[in-house]
Amino acid sequence: MAGKSVLQRIDWLSVFIYFALLLIGWINIYSSTFTEADQSIFDFGTLHGKQLFFIGVSFLTIIVVLALEASFYERFSSLLYLISMLLLLGLFVFGKTIAGATSWYDLGFFNLQPSELAKVATALALAKYLSDIQTDIKRQKDQLYAFLVVLIPAILIIPQPDPGSALVFFAMVFVIFREGLPIYYLGLVLLAIVIFICTLIFGPTWVSIIITLTLILVLLLKKKSFRVPVTPMIVAAVVAIVFSLSVNFVFNKVFEQRHRDRFSLWLRLEKDPAKLEKIRKTIGYNTYQSEKAIESGGIFGKGFLEGTRTKGDFVPEQHTDYIFSTVGEEWGFLGTSSVVLLFTFLLLRLVYISERQKNPFGRMYGYGVISILFIHYFINIGMVIGLLPTIGIPLPFFSYGGSGLLFFTILLFIMLKLDANRMKEGI
Amino acid sequence: MKKVLLSSIIIIIGITFIGRLSYLQIFSFSPDQLMEDPAIKAIYDYPERGYIYDRYGKLLVGNDPAYDVMVIPREVKALDTLEFCGLLGMTKENFIKKLKRARIYSPRLPSVLVHQLSKEDYAKLQEKMRRYTGFYIQKRSLRYYDTNSAANVLGYISEVNDRDLAKNKNYVQGELTGRTGVEKVYEDTLRGRKGIQYIQKDRFNRDIGKYKDGALDVEPEQGKEIHITIDKELQEYGELLMQGKWGGIVAIEPSSGEILTMISGPTYDPSLLVGRKRSKNYSKLHYDSISKPTFDRSISFEKSPGSPFKAINALIGLQVGAISPSTTITCHHGFYIGRRKKGCHCGGGVRNLNSGIYESCNAYFVGVYKKIFEQFSSNAEAMDAWEKHVRSFGLGSYLGSDLHTGRRGSVPNTKMYNKWYGEGDKRWSATTTYSNAIGQGEVNVTPIQLANMTAAIANRGYYFTPHILKKIEGKDISNPAFTKPKYTTIDKEHFEPVIQGMADVYNLGTAKGVKIPDIQIAGKTGTVENYMVIDSVRTQLTDNSVFVAFAPVDNPKIAIAVYIQNGYYGSRYAGHIASLLIEKYLKRKITRKDLEKRMLERTLESEYAKPYSGEKFKINERDWSKHAKKPKADNSTK
């Protein structure tokens, strides 16, 4: 085994899905930036031409990533983390502002987005910390440190402002869960989200009543065989009701109208047609246009380069964050469901790969990669099809953007390199 | 648990996404209609509306190009305002005001700066237009009338409203559609098909090229020209004669059912309803609720037919064997209904079919009517048979013609009388309903029905459904609804004695005075009593003057019905006008200039003013001179 090259040991299924997504993504970028005037696909002055260039750069990077020694990533993860945090800090001084966010370094030919690098570095650093022989995730101190590794880049990115990217780092708590963080932490977060949404939809009164009723029901059902910790239950219920009331307070008094509009758009709270029309034209414009574009595709879509709404640039940011709406309009349900299935298969395959690692570092890094890819995929498509509020993050391997494509590729191929190497250093 | 947590979340999210996508793309999918897709703009190319010609190929309606000066405010560059205003023929203040208004409407979309330039102004402006960016000339096509008559026949066109749009998807806001008359009935033929070009737009509404390289574009199709059956000269002459008189005239060619003329008085100049003053003029016409110039009396005016209907009763009498031509009935200057005596103006004496008709003897026809009823075992049975015969002349029905409107008229029946008087043979009889005998009762007809009835008599037993369309694109129509004869229930041989009687109306009878040299006419006068409710009192007005005729007797070329409101006795106005029109149609010229002069001069305006004067008035004045002469050069409404 040891003598075989990395090309024979790499997981070709993942690589194949990666290429498929890259290809479909580029075709749609081509379609959404296509104009009758430019017919050449290799014109680097156009956006699709530039993307083609970045795809080439990514391929070169893959070779470098696979050629490096696997142990390099584990060894230098702390240093890489340190560098990327410094780069994030440096943005406050040297950053270049594009579209209101100071997230880039101007390298002349290319704008570097250090938060993309930070994602790779954080995934590596987190894996490194958790796999350290000294770390015991059951200890609260170690839990806190693990959270800090994730939190520091997030805190540095929020003021850029780029809340979308910051959110990605929170997704890495999945890694900590995988490594033994008690699962009810997650339950609490989910419960908080459910209470938050229910309060907005039904109002705090109903939420309080339902929580109280549930509590009484549970206490009445208390039997010997069904033991319930009474005091914690009551405390939890009271906290939940207070939370619900405070959500209501914050929503109505602290939030500004534009925030409220965003939520009422997401949860379809607004019923007045006149106001709805206004929301559609202002804050909900993107979501409305993208939903309409997807809807107009039907089952089979309008065909490549035939999307009238795509051609007319009705969906803003269509080649970046809203690229999925082009798929919807031109390739229909067949196209969109294929893309969703490809992502689902890729993620499941990566879970499988992570689980088969013998080296805990490899497994934890794998989970870091999955968390990052999943949160991008989940929020992006959820936003484009109108299930989630508007949060601007790209669709991995799909959206136009050099930094994004480059670092997603690095992220994935480090994982595949570690996997290819798992037999070699099976300590 | 720890191991499957992430996998389960991935799968659940995948299912949720596919569920949402199938909801969007499969369940709520509605394919973008080209017209509703915000990314596609349709540009229309309007074809010219089809021309309308008369039966001899004379132009009635054509198109006039009109030129609107349009402006797109956003594109306007600095210009020599003074020179441009000079070209447009407007003041600088007005120009600036209009430009400002256009900008308020939309800086991006075109607005009309000057409506409907004349051809001369257009010619002057055209070559200099290039110098003024942001302005351009939009050619439109308006209806142009080569006649000042036939407004009721031709109808008018106007912009489609919301109702039309909902009904017919082929129209777009701002397009024109036929509202009445031929313009309405033959809308689809005349309008042609508009051309459509699809343009791809971006979200700023800018054109970015042809959609699908024009694969879906539609070429415009010209509107078809049509010939209608109207004789333009006759129509114009008839309307001239009708000036100052209210009523309807319809003339039909018996051998084809083609409507030669269809006149309604008062009427208006069709060009009033074109162009800039259309809406103002329309309101003026529409809200004239006394003389009602937009009400087409030739097809929608239902009244008692009066004496011309006696011809039908004579035919029914012969058909059912109630009388023979030689059956005599004595007129005692009237007749008895029960113990009450009803007068007759015919002069009294022994009447047979011939003299009954030409003297229009009421007593004779009431007698015939009673004899018809005696032929049947019950009154109900007699009424049913009588009704069937009457209806076979097209009375009491819409006729199925290709006119945009009309009235059914009415023919009484058993059911109606049963309802009025009660069922049973004793409750009502010929005596109760004797008014039907002389065309004064429950029978109501429109002038076109009267003309059609006359045509059926002229043809000795059949008629062709009256129609207005003669040719489409030069080809004669072949619609069997119009080219197949419809037979009456009266046998052919019974017509001759009745026609002889009608011919003698001219030779010996009530229309002696209106004979035309060298033309044998058969006709029948009618003098119809009529009433009006004035201040809730039923008041009798001057009789309506009615006349039906066809000529020549042996080879009928024209059948005509003239109905003049308050014209007094049948031959006075209706008879004269009918004879002039027949002469005009058959000879193309008028020899009896004095008669023509009298008809052209007299108006009945004073008669029509009586009920509204608020004073007591006299009806049925014999003195012609009471009828005011028409003031000269009054052409506002005819």
# chains A, B, ... in the order shown; residues from 1 in each chain; ligands from 1

call {"tool": "select_by_dssp", "arguments": {"residues": "stretch 466-633 of chain B", "states": "strand (DSSP E or B)", "output": "JSON, numbers by chain"}}
result
{"B": [467, 469, 470, 471, 472, 475, 476, 486, 487, 516, 519, 522, 523, 524, 525, 526, 527, 528, 529, 530, 531, 532, 533, 534, 537, 538, 539, 540, 541, 542, 543, 544, 545, 546, 547, 548, 549, 550, 551, 558, 559, 560, 561, 562, 563, 564, 602, 629]}

call {"tool": "residues_around", "arguments": {"residues": "stretch 248-257 of chain B", "least_positions_apart": "5", "cutoff": "7 Å", "atoms": "only C-alpha atoms", "output": "list in words"}}
result
Met262, Ile263, Ser264, Gly265, Arg297, Ser298, Pro447, Ile448, Ala451, Ala455, Ala458, Asn459, Tyr463, Phe464, Thr465, Pro466, His467, Pro556, Lys557, Ile558, Ala559, Ile560, Ala561, Val562, Tyr563 and Ile564 of chain B

call {"tool": "residues_around", "arguments": {"residues": "A:Ser103", "least_positions_apart": "2", "cutoff": "10 Å", "atoms": "only C-alpha atoms", "output": "PyMOL selection string"}}
result
chain A and resi 88+91-92+94-101+105-106+111-116+157+159-162

call {"tool": "residues_around", "arguments": {"residues": "B:Val218", "least_positions_apart": "3", "cutoff": "12 Å", "atoms": "only C-alpha atoms", "output": "VMD selection string"}}
result
chain B and resid 42 to 47 193 to 198 214 to 215 221

call {"tool": "write_last_selection", "arguments": {"atoms": "N, CA and C atoms", "output": "JSON list (two decimals), in the first residue's frame"}}
result
[["chain", "number", "residue", "atom", "x", "y", "z"],
["B", 42, "ALA", "N", -43.21, 43.50, -25.44],
["B", 42, "ALA", "CA", -43.78, 43.27, -26.76],
["B", 42, "ALA", "C", -43.96, 44.62, -27.45],
["B", 43, "ILE", "N", -43.46, 44.73, -28.67],
["B", 43, "ILE", "CA", -43.67, 45.95, -29.45],
["B", 43, "ILE", "C", -44.66, 45.60, -30.55],
["B", 44, "TYR", "N", -45.70, 46.42, -30.67],
["B", 44, "TYR", "CA", -46.75, 46.09, -31.62],
["B", 44, "TYR", "C", -46.61, 46.89, -32.90],
["B", 45, "ASP", "N", -46.98, 46.25, -33.96],
["B", 45, "ASP", "CA", -47.00, 46.91, -35.25],
["B", 45, "ASP", "C", -48.44, 46.81, -35.74],
["B", 46, "TYR", "N", -49.12, 47.96, -35.75],
["B", 46, "TYR", "CA", -50.54, 47.91, -36.05],
["B", 46, "TYR", "C", -50.81, 47.95, -37.54],
["B", 47, "PRO", "N", -51.55, 46.98, -38.05],
["B", 47, "PRO", "CA", -51.91, 47.00, -39.46],
["B", 47, "PRO", "C", -53.01, 48.02, -39.69],
["B", 193, "ARG", "N", -54.46, 41.51, -38.12],
["B", 193, "ARG", "CA", -53.75, 40.98, -36.95],
["B", 193, "ARG", "C", -52.53, 41.84, -36.72],
["B", 194, "LYS", "N", -52.37, 42.26, -35.50],
["B", 194, "LYS", "CA", -51.22, 43.13, -35.23],
["B", 194, "LYS", "C", -49.94, 42.31, -35.19],
["B", 195, "GLY", "N", -48.87, 42.96, -35.61],
["B", 195, "GLY", "CA", -47.57, 42.31, -35.54],
["B", 195, "GLY", "C", -47.00, 42.47, -34.15],
["B", 196, "ILE", "N", -46.24, 41.48, -33.70],
["B", 196, "ILE", "CA", -45.63, 41.58, -32.38],
["B", 196, "ILE", "C", -44.14, 41.28, -32.48],
["B", 197, "GLN", "N", -43.36, 42.11, -31.84],
["B", 197, "GLN", "CA", -41.92, 41.85, -31.74],
["B", 197, "GLN", "C", -41.60, 41.71, -30.27],
["B", 198, "TYR", "N", -40.90, 40.64, -29.90],
["B", 198, "TYR", "CA", -40.55, 40.47, -28.50],
["B", 198, "TYR", "C", -39.13, 40.95, -28.25],
["B", 214, "GLY", "N", -36.02, 36.72, -32.35],
["B", 214, "GLY", "CA", -37.24, 37.00, -33.10],
["B", 214, "GLY", "C", -37.99, 35.76, -33.57],
["B", 215, "ALA", "N", -37.67, 34.60, -32.99],
["B", 215, "ALA", "CA", -38.32, 33.37, -33.45],
["B", 215, "ALA", "C", -39.82, 33.39, -33.20],
["B", 221, "GLU", "N", -50.75, 41.48, -40.12],
["B", 221, "GLU", "CA", -51.60, 41.05, -41.23],
["B", 221, "GLU", "C", -52.60, 42.18, -41.48]]

call {"tool": "residues_around", "arguments": {"residues": "A:Val238", "least_positions_apart": "6", "cutoff": "10 Å", "atoms": "only C-alpha atoms", "output": "PyMOL selection string"}}
result
chain A and resi 208+211-212+215+232+244

call {"tool": "write_last_selection", "arguments": {"atoms": "N, CA, C and O atoms", "output": "short mmCIF file (atom, residue, chain, number, x, y, z; two decimals), in the first residue's frame"}}
result
data_model
loop_
_atom_site.label_atom_id
_atom_site.label_comp_id
_atom_site.auth_asym_id
_atom_site.auth_seq_id
_atom_site.Cartn_x
_atom_site.Cartn_y
_atom_site.Cartn_z
N SER A 208 -46.26 31.38 25.97
CA SER A 208 -46.22 31.19 27.42
C SER A 208 -47.26 30.16 27.86
O SER A 208 -46.99 29.28 28.67
N ILE A 211 -46.13 26.68 26.90
CA ILE A 211 -45.04 26.19 27.77
C ILE A 211 -45.60 25.78 29.12
O ILE A 211 -45.29 24.69 29.63
N THR A 212 -46.48 26.61 29.69
CA THR A 212 -47.06 26.29 31.00
C THR A 212 -47.86 25.00 30.94
O THR A 212 -47.72 24.12 31.81
N LEU A 215 -45.61 22.04 30.80
CA LEU A 215 -45.02 21.79 32.11
C LEU A 215 -46.01 21.06 33.02
O LEU A 215 -45.68 20.03 33.63
N PRO A 232 -35.52 21.57 38.05
CA PRO A 232 -34.94 22.05 36.77
C PRO A 232 -36.00 22.27 35.69
O PRO A 232 -35.90 23.22 34.91
N SER A 244 -39.10 34.17 25.77
CA SER A 244 -40.13 34.50 24.78
C SER A 244 -40.56 35.96 24.91
O SER A 244 -40.67 36.68 23.91
#

call {"tool": "interface_residues", "arguments": {"of": "chain A", "to": "chain B", "cutoff": "6 Å", "atoms": "only C-alpha atoms", "output": "ChimeraX atom specification"}}
result
/A:178,295-296,298-299,308-309,312-314,333,337

call {"tool": "write_last_selection", "arguments": {"atoms": "C-alpha atoms", "output": "short mmCIF file (atom, residue, chain, number, x, y, z; two decimals), in the first residue's frame"}}
result
data_model
loop_
_atom_site.label_atom_id
_atom_site.label_comp_id
_atom_site.auth_asym_id
_atom_site.auth_seq_id
_atom_site.Cartn_x
_atom_site.Cartn_y
_atom_site.Cartn_z
CA ARG A 178 -18.86 14.93 17.59
CA GLU A 295 -40.73 29.08 -10.10
CA SER A 296 -40.79 30.08 -13.75
CA GLY A 298 -40.91 24.51 -13.89
CA ILE A 299 -39.85 20.88 -14.08
CA THR A 308 -35.36 35.47 -19.60
CA ARG A 309 -35.18 36.65 -16.01
CA GLY A 312 -32.58 40.55 -17.86
CA ASP A 313 -30.58 40.53 -14.60
CA PHE A 314 -33.77 40.53 -12.59
CA PHE A 333 -36.66 21.10 -10.96
CA SER A 337 -32.86 18.70 -7.27
#

call {"tool": "residues_around", "arguments": {"residues": "B:Gln540", "least_positions_apart": "6", "cutoff": "10 Å", "atoms": "only C-alpha atoms", "output": "PDB file with C-alpha atoms, in the first residue's frame"}}
result
ATOM      1  CA  GLU B 529    -102.330  56.171 -33.826  1.00  0.00           C
ATOM      2  CA  ASN B 530     -99.780  56.767 -31.148  1.00  0.00           C
ATOM      3  CA  TYR B 531     -99.752  57.888 -27.592  1.00  0.00           C
ATOM      4  CA  MET B 532     -97.334  59.255 -25.126  1.00  0.00           C
ATOM      5  CA  VAL B 533     -97.490  59.739 -21.411  1.00  0.00           C
ATOM      6  CA  ILE B 534     -97.164  63.461 -20.680  1.00  0.00           C
ATOM      7  CA  PRO B 611     -95.198  67.174 -26.130  1.00  0.00           C
ATOM      8  CA  LYS B 618    -103.537  70.143 -31.630  1.00  0.00           C
ATOM      9  CA  ILE B 619    -102.779  66.877 -33.386  1.00  0.00           C
ATOM     10  CA  ASN B 620    -103.227  65.685 -36.942  1.00  0.00           C
TER      11      ASN B 620
END

call {"tool": "select_by_dssp", "arguments": {"residues": "stretch 174-295 of chain A", "states": "alpha helix (DSSP H)", "output": "PyMOL selection string"}}
result
chain A and resi 174-178+184-202+204-220+230-249+257-266+273-281+285-295

call {"tool": "residues_around", "arguments": {"residues": "A:Ile279", "least_positions_apart": "5", "cutoff": "10 Å", "atoms": "only C-alpha atoms", "output": "list in words"}}
result
Arg258, Asp261, Arg262, Ser264, Leu265, Glu270, Pro273, Ala274, Gly284, Tyr285 and Tyr288 of chain A
